[in-house]
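To start, the structure itself, in structure tokens.
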Amino acid sequence: GENVEQHPSTLSVQEGDSAVIKCTYSDSASNYFPWYKQELGKRPQLIIDIRSNVGEKKDQRIAVTLNKTAKHFSLHITETQPEDSAVYFCARRSGGSNYKLTFGKGTLLTVNP
Amino acid sequence: EPEVTQTPSHQVTQMGQEVILRCVPISNHLYFYWYRQILGQKVEFLVSFYNNEISEKSEIFDDQFSVERPDGSNFTLKIRSTKLEDSAMYFCASLRGQTMNTEAFFGQGTRLTVV
């Protein structure tokens, strides 16, 4: 199916530590995997994405890895800061003309100063 | 930077009433969406719209829901007879949709409260 499983549902880390959030999917046709950050009461904002022809992508303290064989992808945040505290959603999308996103259930990340 | 805008930011309505949520997508985008997020839950796809027609809808998007693009800029979601369980944050999104321009941009949302 199109569902995405996301773990953990909550994650608490100390400032400066790393945080890792994992998502798995089952649809082999999935070819685009974005990660969104959502602060309380705000819109989801894209922080990084990866396409199926790439295994890893990095943008400063944020990186995403994709394992197409195992059908899972992960978000890595290094040197976490209190302002990284938010809910993070993974999502996936198949090819085709619709570009519809299917989201995971979200991870509440708390970075303790 | 262009952005998707939604109005109103918060709407309170009585059960059984009709509501219209409004969105102005980014001007050169071709694909438009409504998503819903019940408090504390994940973002769920409702409907996609392309070339002046619905291209896909979820099982949530039943006969009580409809979408329109009445002019070149607005994209609306109508709920004909609201139910308590329609209370949620509704996000509009748009996407350019050509080759690599496939990032979805979300509006700030409309919080719908049905009482």
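Convention: chains lettered A, B, ... in structure tokens order; per-chain residue numbering from 1; ligands numbered from 1 as shown.
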Check your understanding: Counting only C-alpha atoms, which residues from chain A have an atom at most 8 Å from any atom of chain B, and could you show them as a list of chain:residue names?
Key ->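 The answer, sorted by residue number, is A:Lys42, A:Arg43, A:Pro44, A:Gln45, A:Phe89, A:Asn98, A:Tyr99, A:Lys100, A:Leu101, A:Thr102, A:Phe103, A:Gly104, A:Lys105, A:Gly106.
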Store the residues of this selection in a file with N, CA and C atoms, as a CSV table (one decimal), in the first residue's frame.
```csv
chain,number,residue,atom,x,y,z
A,42,LYS,N,1.8,25.7,13.0
A,42,LYS,CA,2.3,26.3,11.7
A,42,LYS,C,2.2,25.3,10.6
A,43,ARG,N,2.5,25.7,9.4
A,43,ARG,CA,2.4,24.9,8.2
A,43,ARG,C,3.6,23.9,8.2
A,44,PRO,N,3.5,22.7,7.6
A,44,PRO,CA,4.6,21.9,7.3
A,44,PRO,C,5.6,22.6,6.4
A,45,GLN,N,6.9,22.5,6.7
A,45,GLN,CA,7.9,23.1,5.8
A,45,GLN,C,8.9,22.1,5.4
A,89,PHE,N,7.8,15.2,10.0
A,89,PHE,CA,7.0,14.2,9.2
A,89,PHE,C,7.8,13.7,8.0
A,98,ASN,N,0.3,12.8,-10.6
A,98,ASN,CA,-0.4,13.4,-9.5
A,98,ASN,C,0.4,14.1,-8.4
A,99,TYR,N,1.5,13.6,-8.1
A,99,TYR,CA,2.4,14.2,-7.1
A,99,TYR,C,1.8,14.2,-5.7
A,100,LYS,N,0.9,13.3,-5.4
A,100,LYS,CA,0.3,13.3,-4.1
A,100,LYS,C,1.3,12.8,-3.1
A,101,LEU,N,1.2,13.3,-1.9
A,101,LEU,CA,2.1,12.9,-0.8
A,101,LEU,C,1.4,12.1,0.2
A,102,THR,N,2.0,11.0,0.7
A,102,THR,CA,1.5,10.2,1.8
A,102,THR,C,2.5,10.4,3.0
A,103,PHE,N,1.9,10.8,4.1
A,103,PHE,CA,2.8,11.2,5.3
A,103,PHE,C,2.8,10.1,6.3
A,104,GLY,N,4.0,10.1,7.0
A,104,GLY,CA,4.0,9.3,8.2
A,104,GLY,C,3.3,10.0,9.4
A,105,LYS,N,3.3,9.4,10.5
A,105,LYS,CA,2.5,9.9,11.7
A,105,LYS,C,3.2,11.0,12.4
A,106,GLY,N,4.5,11.2,12.1
A,106,GLY,CA,5.2,12.3,12.8
A,106,GLY,C,6.0,11.9,14.0
```
**Study point:** Non-local contacts of A:Lys57 (12 Å; only C-alpha atoms; under 2 positions in same chain excluded) as a list in words
**Key:**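 Skipping anything fewer than 2 positions along the chain leaves Phe33, Pro34, Trp35, Ile47, Ile48, Asp49, Ile50, Arg51, Ser52, Asn53, Val54, Gly55, Asp59, Gln60, Arg61, Ile62, Ala63, Val64, Thr65, Leu66, Phe73, Ser74, Leu75 and His76 of chain A.
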Exercise for review: Grab the atom CA of A:Asp84 to atom CA of A:Cys23 distance for me, in Å with one decimal place.
Suggested key: 18.8 Å
Just the residues within 9 Å of stretch 2-10 of chain A, please, counting only C-alpha atoms, with nothing from its chain fewer than 6 positions along; format it as a PDB file with all heavy atoms, in the first residue's frame.
```
ATOM      1  N   VAL A  20      17.912  10.806  15.124  1.00  0.00           N
ATOM      2  CA  VAL A  20      17.646  10.007  13.922  1.00  0.00           C
ATOM      3  C   VAL A  20      16.190   9.571  13.938  1.00  0.00           C
ATOM      4  O   VAL A  20      15.693   9.051  14.935  1.00  0.00           O
ATOM      5  CB  VAL A  20      18.546   8.756  13.847  1.00  0.00           C
ATOM      6  CG1 VAL A  20      18.236   7.968  12.563  1.00  0.00           C
ATOM      7  CG2 VAL A  20      20.012   9.147  13.895  1.00  0.00           C
ATOM      8  N   ILE A  21      15.509   9.800  12.846  1.00  0.00           N
ATOM      9  CA  ILE A  21      14.113   9.390  12.686  1.00  0.00           C
ATOM     10  C   ILE A  21      14.039   8.498  11.454  1.00  0.00           C
ATOM     11  O   ILE A  21      14.629   8.822  10.417  1.00  0.00           O
ATOM     12  CB  ILE A  21      13.199  10.617  12.514  1.00  0.00           C
ATOM     13  CG1 ILE A  21      13.357  11.576  13.706  1.00  0.00           C
ATOM     14  CG2 ILE A  21      11.745  10.180  12.374  1.00  0.00           C
ATOM     15  CD1 ILE A  21      12.684  12.921  13.499  1.00  0.00           C
ATOM     16  N   LYS A  22      13.296   7.390  11.584  1.00  0.00           N
ATOM     17  CA  LYS A  22      13.267   6.412  10.496  1.00  0.00           C
ATOM     18  C   LYS A  22      11.855   6.213   9.951  1.00  0.00           C
ATOM     19  O   LYS A  22      10.882   6.252  10.708  1.00  0.00           O
ATOM     20  CB  LYS A  22      13.804   5.069  10.991  1.00  0.00           C
ATOM     21  CG  LYS A  22      15.249   5.137  11.438  1.00  0.00           C
ATOM     22  CD  LYS A  22      15.773   3.776  11.875  1.00  0.00           C
ATOM     23  CE  LYS A  22      17.237   3.895  12.301  1.00  0.00           C
ATOM     24  NZ  LYS A  22      17.793   2.604  12.746  1.00  0.00           N
ATOM     25  N   CYS A  23      11.793   5.980   8.668  1.00  0.00           N
ATOM     26  CA  CYS A  23      10.512   5.697   8.018  1.00  0.00           C
ATOM     27  C   CYS A  23      10.663   4.507   7.086  1.00  0.00           C
ATOM     28  O   CYS A  23      11.713   4.340   6.449  1.00  0.00           O
ATOM     29  CB  CYS A  23      10.018   6.909   7.243  1.00  0.00           C
ATOM     30  SG  CYS A  23       9.434   8.223   8.336  1.00  0.00           S
ATOM     31  N   THR A  24       9.615   3.707   7.021  1.00  0.00           N
ATOM     32  CA  THR A  24       9.592   2.594   6.087  1.00  0.00           C
ATOM     33  C   THR A  24       8.341   2.696   5.217  1.00  0.00           C
ATOM     34  O   THR A  24       7.317   3.232   5.643  1.00  0.00           O
ATOM     35  CB  THR A  24       9.600   1.234   6.812  1.00  0.00           C
ATOM     36  OG1 THR A  24       8.448   1.172   7.683  1.00  0.00           O
ATOM     37  CG2 THR A  24      10.840   1.067   7.655  1.00  0.00           C
ATOM     38  N   TYR A  25       8.453   2.177   4.019  1.00  0.00           N
ATOM     39  CA  TYR A  25       7.343   2.212   3.084  1.00  0.00           C
ATOM     40  C   TYR A  25       7.255   0.871   2.388  1.00  0.00           C
ATOM     41  O   TYR A  25       8.181   0.064   2.447  1.00  0.00           O
ATOM     42  CB  TYR A  25       7.519   3.354   2.081  1.00  0.00           C
ATOM     43  CG  TYR A  25       8.745   3.228   1.217  1.00  0.00           C
ATOM     44  CD1 TYR A  25       8.680   2.684  -0.059  1.00  0.00           C
ATOM     45  CD2 TYR A  25       9.993   3.654   1.667  1.00  0.00           C
ATOM     46  CE1 TYR A  25       9.805   2.564  -0.858  1.00  0.00           C
ATOM     47  CE2 TYR A  25      11.127   3.539   0.884  1.00  0.00           C
ATOM     48  CZ  TYR A  25      11.034   2.996  -0.371  1.00  0.00           C
ATOM     49  OH  TYR A  25      12.163   2.863  -1.158  1.00  0.00           O
ATOM     50  N   SER A  26       6.147   0.625   1.716  1.00  0.00           N
ATOM     51  CA  SER A  26       5.977  -0.671   1.076  1.00  0.00           C
ATOM     52  C   SER A  26       5.804  -0.573  -0.440  1.00  0.00           C
ATOM     53  O   SER A  26       6.057  -1.549  -1.150  1.00  0.00           O
ATOM     54  CB  SER A  26       4.781  -1.410   1.686  1.00  0.00           C
ATOM     55  OG  SER A  26       3.627  -0.601   1.653  1.00  0.00           O
ATOM     56  N   ASP A  27       5.393   0.586  -0.935  1.00  0.00           N
ATOM     57  CA  ASP A  27       5.140   0.729  -2.361  1.00  0.00           C
ATOM     58  C   ASP A  27       6.459   0.882  -3.129  1.00  0.00           C
ATOM     59  O   ASP A  27       7.128   1.911  -3.008  1.00  0.00           O
ATOM     60  CB  ASP A  27       4.241   1.946  -2.584  1.00  0.00           C
ATOM     61  CG  ASP A  27       3.833   2.117  -4.032  1.00  0.00           C
ATOM     62  OD1 ASP A  27       4.317   1.349  -4.896  1.00  0.00           O
ATOM     63  OD2 ASP A  27       3.027   3.016  -4.319  1.00  0.00           O
ATOM     64  N   SER A  30       7.467   4.078  -5.086  1.00  0.00           N
ATOM     65  CA  SER A  30       7.823   5.337  -4.416  1.00  0.00           C
ATOM     66  C   SER A  30       9.150   5.843  -4.957  1.00  0.00           C
ATOM     67  O   SER A  30      10.121   5.072  -5.053  1.00  0.00           O
ATOM     68  CB  SER A  30       7.940   5.124  -2.909  1.00  0.00           C
ATOM     69  OG  SER A  30       6.747   4.615  -2.374  1.00  0.00           O
ATOM     70  N   VAL A  87       7.664  18.923  15.330  1.00  0.00           N
ATOM     71  CA  VAL A  87       7.232  17.617  14.827  1.00  0.00           C
ATOM     72  C   VAL A  87       7.792  17.448  13.421  1.00  0.00           C
ATOM     73  O   VAL A  87       7.691  18.363  12.589  1.00  0.00           O
ATOM     74  CB  VAL A  87       5.690  17.499  14.810  1.00  0.00           C
ATOM     75  CG1 VAL A  87       5.281  16.144  14.234  1.00  0.00           C
ATOM     76  CG2 VAL A  87       5.124  17.665  16.209  1.00  0.00           C
ATOM     77  N   PHE A  89       7.771  15.166   9.961  1.00  0.00           N
ATOM     78  CA  PHE A  89       7.010  14.192   9.192  1.00  0.00           C
ATOM     79  C   PHE A  89       7.834  13.719   7.992  1.00  0.00           C
ATOM     80  O   PHE A  89       8.372  14.546   7.246  1.00  0.00           O
ATOM     81  CB  PHE A  89       5.718  14.807   8.646  1.00  0.00           C
ATOM     82  CG  PHE A  89       4.685  15.111   9.681  1.00  0.00           C
ATOM     83  CD1 PHE A  89       4.574  16.383  10.223  1.00  0.00           C
ATOM     84  CD2 PHE A  89       3.809  14.127  10.114  1.00  0.00           C
ATOM     85  CE1 PHE A  89       3.607  16.679  11.179  1.00  0.00           C
ATOM     86  CE2 PHE A  89       2.841  14.415  11.063  1.00  0.00           C
ATOM     87  CZ  PHE A  89       2.743  15.692  11.597  1.00  0.00           C
ATOM     88  N   CYS A  90       7.882  12.415   7.813  1.00  0.00           N
ATOM     89  CA  CYS A  90       8.391  11.914   6.555  1.00  0.00           C
ATOM     90  C   CYS A  90       7.208  11.743   5.604  1.00  0.00           C
ATOM     91  O   CYS A  90       6.048  11.702   6.034  1.00  0.00           O
ATOM     92  CB  CYS A  90       9.116  10.581   6.736  1.00  0.00           C
ATOM     93  SG  CYS A  90       8.075   9.212   7.294  1.00  0.00           S
ATOM     94  N   ALA A  91       7.496  11.665   4.342  1.00  0.00           N
ATOM     95  CA  ALA A  91       6.451  11.452   3.342  1.00  0.00           C
ATOM     96  C   ALA A  91       7.055  10.716   2.150  1.00  0.00           C
ATOM     97  O   ALA A  91       8.283  10.634   2.006  1.00  0.00           O
ATOM     98  CB  ALA A  91       5.826  12.778   2.908  1.00  0.00           C
ATOM     99  N   ARG A  92       6.170  10.164   1.314  1.00  0.00           N
ATOM    100  CA  ARG A  92       6.627   9.506   0.107  1.00  0.00           C
ATOM    101  C   ARG A  92       5.654   9.813  -1.023  1.00  0.00           C
ATOM    102  O   ARG A  92       4.509  10.207  -0.787  1.00  0.00           O
ATOM    103  CB  ARG A  92       6.809   7.993   0.270  1.00  0.00           C
ATOM    104  CG  ARG A  92       5.737   7.206   0.994  1.00  0.00           C
ATOM    105  CD  ARG A  92       4.470   7.002   0.222  1.00  0.00           C
ATOM    106  NE  ARG A  92       4.641   6.230  -0.999  1.00  0.00           N
ATOM    107  CZ  ARG A  92       3.726   6.167  -1.951  1.00  0.00           C
ATOM    108  NH1 ARG A  92       2.591   6.819  -1.831  1.00  0.00           N
ATOM    109  NH2 ARG A  92       3.951   5.458  -3.041  1.00  0.00           N
ATOM    110  N   ARG A  93       6.171   9.606  -2.215  1.00  0.00           N
ATOM    111  CA  ARG A  93       5.342   9.871  -3.385  1.00  0.00           C
ATOM    112  C   ARG A  93       5.740   8.914  -4.486  1.00  0.00           C
ATOM    113  O   ARG A  93       6.925   8.567  -4.608  1.00  0.00           O
ATOM    114  CB  ARG A  93       5.563  11.315  -3.830  1.00  0.00           C
ATOM    115  CG  ARG A  93       4.643  11.815  -4.917  1.00  0.00           C
ATOM    116  CD  ARG A  93       4.847  13.310  -5.115  1.00  0.00           C
ATOM    117  NE  ARG A  93       6.075  13.606  -5.812  1.00  0.00           N
ATOM    118  CZ  ARG A  93       6.651  14.806  -5.801  1.00  0.00           C
ATOM    119  NH1 ARG A  93       6.148  15.781  -5.103  1.00  0.00           N
ATOM    120  NH2 ARG A  93       7.752  14.999  -6.481  1.00  0.00           N
ATOM    121  N   SER A  94       4.771   8.485  -5.257  1.00  0.00           N
ATOM    122  CA  SER A  94       5.066   7.611  -6.391  1.00  0.00           C
ATOM    123  C   SER A  94       5.244   8.445  -7.639  1.00  0.00           C
ATOM    124  O   SER A  94       4.921   9.632  -7.667  1.00  0.00           O
ATOM    125  CB  SER A  94       3.920   6.620  -6.601  1.00  0.00           C
ATOM    126  OG  SER A  94       3.758   5.807  -5.477  1.00  0.00           O
ATOM    127  N   THR A 102       2.024  11.007   0.704  1.00  0.00           N
ATOM    128  CA  THR A 102       1.509  10.222   1.831  1.00  0.00           C
ATOM    129  C   THR A 102       2.479  10.415   2.986  1.00  0.00           C
ATOM    130  O   THR A 102       3.681  10.171   2.846  1.00  0.00           O
ATOM    131  CB  THR A 102       1.423   8.736   1.471  1.00  0.00           C
ATOM    132  OG1 THR A 102       0.610   8.581   0.316  1.00  0.00           O
ATOM    133  CG2 THR A 102       0.815   7.956   2.628  1.00  0.00           C
ATOM    134  N   PHE A 103       1.943  10.847   4.131  1.00  0.00           N
ATOM    135  CA  PHE A 103       2.772  11.222   5.266  1.00  0.00           C
ATOM    136  C   PHE A 103       2.843  10.118   6.310  1.00  0.00           C
ATOM    137  O   PHE A 103       1.903   9.332   6.484  1.00  0.00           O
ATOM    138  CB  PHE A 103       2.198  12.475   5.948  1.00  0.00           C
ATOM    139  CG  PHE A 103       2.417  13.740   5.177  1.00  0.00           C
ATOM    140  CD1 PHE A 103       1.556  14.103   4.151  1.00  0.00           C
ATOM    141  CD2 PHE A 103       3.481  14.572   5.479  1.00  0.00           C
ATOM    142  CE1 PHE A 103       1.749  15.272   3.434  1.00  0.00           C
ATOM    143  CE2 PHE A 103       3.685  15.749   4.770  1.00  0.00           C
ATOM    144  CZ  PHE A 103       2.820  16.093   3.748  1.00  0.00           C
ATOM    145  N   GLY A 104       3.961  10.094   7.035  1.00  0.00           N
ATOM    146  CA  GLY A 104       4.045   9.303   8.248  1.00  0.00           C
ATOM    147  C   GLY A 104       3.313  10.004   9.377  1.00  0.00           C
ATOM    148  O   GLY A 104       2.815  11.123   9.211  1.00  0.00           O
ATOM    149  N   LYS A 105       3.272   9.362  10.537  1.00  0.00           N
ATOM    150  CA  LYS A 105       2.500   9.886  11.659  1.00  0.00           C
ATOM    151  C   LYS A 105       3.214  10.973  12.442  1.00  0.00           C
ATOM    152  O   LYS A 105       2.623  11.583  13.329  1.00  0.00           O
ATOM    153  CB  LYS A 105       2.103   8.752  12.607  1.00  0.00           C
ATOM    154  CG  LYS A 105       1.063   7.831  12.017  1.00  0.00           C
ATOM    155  CD  LYS A 105       0.553   6.828  13.032  1.00  0.00           C
ATOM    156  CE  LYS A 105      -0.594   6.011  12.429  1.00  0.00           C
ATOM    157  NZ  LYS A 105      -1.128   5.020  13.384  1.00  0.00           N
ATOM    158  N   GLY A 106       4.478  11.190  12.144  1.00  0.00           N
ATOM    159  CA  GLY A 106       5.192  12.289  12.777  1.00  0.00           C
ATOM    160  C   GLY A 106       6.008  11.864  13.978  1.00  0.00           C
ATOM    161  O   GLY A 106       5.691  10.870  14.650  1.00  0.00           O
ATOM    162  N   THR A 107       7.069  12.615  14.233  1.00  0.00           N
ATOM    163  CA  THR A 107       7.926  12.420  15.398  1.00  0.00           C
ATOM    164  C   THR A 107       8.057  13.749  16.112  1.00  0.00           C
ATOM    165  O   THR A 107       8.486  14.738  15.498  1.00  0.00           O
ATOM    166  CB  THR A 107       9.327  11.927  14.989  1.00  0.00           C
ATOM    167  OG1 THR A 107       9.222  10.650  14.370  1.00  0.00           O
ATOM    168  CG2 THR A 107      10.256  11.847  16.198  1.00  0.00           C
ATOM    169  N   LEU A 108       7.683  13.773  17.374  1.00  0.00           N
ATOM    170  CA  LEU A 108       7.867  14.980  18.178  1.00  0.00           C
ATOM    171  C   LEU A 108       9.286  14.967  18.736  1.00  0.00           C
ATOM    172  O   LEU A 108       9.627  14.145  19.586  1.00  0.00           O
ATOM    173  CB  LEU A 108       6.857  15.031  19.312  1.00  0.00           C
ATOM    174  CG  LEU A 108       7.039  16.179  20.319  1.00  0.00           C
ATOM    175  CD1 LEU A 108       6.904  17.520  19.622  1.00  0.00           C
ATOM    176  CD2 LEU A 108       6.047  16.060  21.467  1.00  0.00           C
ATOM    177  N   LEU A 109      10.119  15.856  18.205  1.00  0.00           N
ATOM    178  CA  LEU A 109      11.498  15.963  18.657  1.00  0.00           C
ATOM    179  C   LEU A 109      11.605  17.097  19.676  1.00  0.00           C
ATOM    180  O   LEU A 109      11.196  18.226  19.395  1.00  0.00           O
ATOM    181  CB  LEU A 109      12.431  16.232  17.486  1.00  0.00           C
ATOM    182  CG  LEU A 109      13.896  16.532  17.834  1.00  0.00           C
ATOM    183  CD1 LEU A 109      14.556  15.318  18.487  1.00  0.00           C
ATOM    184  CD2 LEU A 109      14.676  16.970  16.611  1.00  0.00           C
ATOM    185  N   THR A 110      12.160  16.771  20.823  1.00  0.00           N
ATOM    186  CA  THR A 110      12.416  17.780  21.846  1.00  0.00           C
ATOM    187  C   THR A 110      13.915  17.830  22.091  1.00  0.00           C
ATOM    188  O   THR A 110      14.523  16.786  22.410  1.00  0.00           O
ATOM    189  CB  THR A 110      11.684  17.444  23.158  1.00  0.00           C
ATOM    190  OG1 THR A 110      10.294  17.285  22.887  1.00  0.00           O
ATOM    191  CG2 THR A 110      11.892  18.541  24.187  1.00  0.00           C
TER     192      THR A 110
END
```
Check your understanding: When DSSP works through the backbone of this structure, what residues of chain A end up as strand (DSSP E), shown as a ChimeraX atom specification?
Key -> /A:4-7,10-14,19-25,30-38,45-51,56-59,62-67,72-77,86-94,102-103,107-112
Practice item. Work out how far apart atom CA of B:Ile60 and atom CA of B:Asn28 are and give it in Å to one decimal. Key: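 We find that atom CA of B:Ile60 and atom CA of B:Asn28 lie 28.2 Å from each other.
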Review point. Which distance in Å separates atom CA of B:Ile38 and atom CA of B:Ala88, to one decimal?
Key: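 One can read the atom CA of B:Ile38 to atom CA of B:Ala88 distance as 4.4 Å.
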**Study point:** Residues within 12 Å of A:Pro82, only C-alpha atoms, excluding chain neighbours under 2 positions, as a list in words
**Key:**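 So the residues in contact are Ser12, Val13, Gln14, Glu15, Gly16, Asp17, Glu79, Thr80, Asp84, Ser85, Ala86, Leu109, Thr110, Val111, Asn112 and Pro113 of chain A.
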Could you turn the residues from that selection into a file that holds all heavy atoms, as a compact mmCIF listing (two decimals), in the first residue's frame?
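Output (selection.txt):
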```
# COMPACT_ATOMS: atom_id res chain seq x y z
N SER A 12 13.53 12.57 22.54
CA SER A 12 14.08 13.64 23.37
C SER A 12 15.59 13.50 23.40
O SER A 12 16.10 12.42 23.71
CB SER A 12 13.49 13.54 24.79
OG SER A 12 13.96 14.59 25.59
N VAL A 13 16.29 14.57 23.06
CA VAL A 13 17.76 14.53 23.05
C VAL A 13 18.30 15.76 23.75
O VAL A 13 17.59 16.76 23.92
CB VAL A 13 18.31 14.48 21.60
CG1 VAL A 13 17.83 13.23 20.88
CG2 VAL A 13 17.95 15.73 20.81
N GLN A 14 19.55 15.67 24.15
CA GLN A 14 20.24 16.82 24.73
C GLN A 14 20.82 17.68 23.60
O GLN A 14 21.26 17.14 22.56
CB GLN A 14 21.35 16.38 25.66
CG GLN A 14 20.86 15.79 26.99
CD GLN A 14 20.07 16.80 27.80
OE1 GLN A 14 18.92 16.57 28.13
NE2 GLN A 14 20.70 17.93 28.11
N GLU A 15 20.82 18.96 23.83
CA GLU A 15 21.41 19.88 22.86
C GLU A 15 22.82 19.42 22.49
O GLU A 15 23.62 19.07 23.37
CB GLU A 15 21.47 21.28 23.45
CG GLU A 15 21.98 22.35 22.50
CD GLU A 15 21.91 23.74 23.12
OE1 GLU A 15 21.44 23.88 24.27
OE2 GLU A 15 22.32 24.70 22.45
N GLY A 16 23.09 19.40 21.19
CA GLY A 16 24.40 18.97 20.72
C GLY A 16 24.45 17.51 20.29
O GLY A 16 25.34 17.11 19.52
N ASP A 17 23.50 16.71 20.79
CA ASP A 17 23.44 15.31 20.38
C ASP A 17 22.84 15.20 18.98
O ASP A 17 22.31 16.16 18.43
CB ASP A 17 22.60 14.50 21.36
CG ASP A 17 23.31 14.28 22.69
OD1 ASP A 17 24.52 14.61 22.78
OD2 ASP A 17 22.66 13.79 23.63
N GLU A 79 24.28 17.82 15.85
CA GLU A 79 24.48 19.03 16.68
C GLU A 79 23.14 19.73 16.92
O GLU A 79 22.99 20.93 16.63
CB GLU A 79 25.46 19.98 15.99
CG GLU A 79 26.84 19.37 15.77
CD GLU A 79 27.71 20.22 14.86
OE1 GLU A 79 27.56 21.46 14.88
OE2 GLU A 79 28.52 19.64 14.13
N THR A 80 22.20 19.00 17.46
CA THR A 80 20.85 19.54 17.63
C THR A 80 20.85 20.80 18.50
O THR A 80 21.67 20.94 19.43
CB THR A 80 19.92 18.50 18.24
OG1 THR A 80 20.51 17.97 19.44
CG2 THR A 80 19.64 17.37 17.25
N ASP A 84 15.50 23.22 16.94
CA ASP A 84 15.14 22.05 16.13
C ASP A 84 13.91 21.35 16.70
O ASP A 84 13.34 20.47 16.04
CB ASP A 84 16.31 21.04 16.09
CG ASP A 84 17.53 21.57 15.35
OD1 ASP A 84 17.36 22.39 14.42
OD2 ASP A 84 18.66 21.16 15.71
N SER A 85 13.50 21.73 17.90
CA SER A 85 12.32 21.11 18.52
C SER A 85 11.09 21.39 17.66
O SER A 85 10.78 22.54 17.37
CB SER A 85 12.11 21.63 19.93
OG SER A 85 13.19 21.29 20.77
N ALA A 86 10.40 20.32 17.26
CA ALA A 86 9.23 20.42 16.38
C ALA A 86 8.72 19.01 16.12
O ALA A 86 9.30 18.03 16.60
CB ALA A 86 9.61 21.09 15.05
N LEU A 109 10.12 15.86 18.21
CA LEU A 109 11.50 15.96 18.66
C LEU A 109 11.61 17.10 19.68
O LEU A 109 11.20 18.23 19.39
CB LEU A 109 12.43 16.23 17.49
CG LEU A 109 13.90 16.53 17.83
CD1 LEU A 109 14.56 15.32 18.49
CD2 LEU A 109 14.68 16.97 16.61
N THR A 110 12.16 16.77 20.82
CA THR A 110 12.42 17.78 21.85
C THR A 110 13.92 17.83 22.09
O THR A 110 14.52 16.79 22.41
CB THR A 110 11.68 17.44 23.16
OG1 THR A 110 10.29 17.29 22.89
CG2 THR A 110 11.89 18.54 24.19
N VAL A 111 14.50 19.00 21.93
CA VAL A 111 15.92 19.18 22.19
C VAL A 111 16.04 19.97 23.49
O VAL A 111 15.62 21.13 23.57
CB VAL A 111 16.61 19.94 21.04
CG1 VAL A 111 18.10 20.09 21.34
CG2 VAL A 111 16.41 19.20 19.73
N ASN A 112 16.60 19.33 24.48
CA ASN A 112 16.71 19.94 25.81
C ASN A 112 18.01 20.72 25.93
O ASN A 112 19.08 20.20 25.66
CB ASN A 112 16.65 18.85 26.88
CG ASN A 112 15.39 18.04 26.81
OD1 ASN A 112 14.30 18.59 26.94
ND2 ASN A 112 15.51 16.74 26.58
N PRO A 113 17.91 21.99 26.37
CA PRO A 113 19.13 22.80 26.47
C PRO A 113 20.01 22.34 27.62
O PRO A 113 19.57 21.65 28.52
CB PRO A 113 18.60 24.21 26.71
CG PRO A 113 17.18 24.07 27.08
CD PRO A 113 16.69 22.73 26.67
```
**Study point:** Exercise: stretch 5-18 of chain B partners within 10 Å, only C-alpha atoms, chain neighbours under 4 positions left out, as a PyMOL selection string
**Key:** chain B and resi 22-26+64-65+74-76+78-87+89-93+106-115
Review point. Closest to B:Ser58 among B:Gly72, B:Leu77, B:Trp34, B:Arg96, using only C-alpha atoms?
Key: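 Result for the nearest residue to B:Ser58: B:Trp34.
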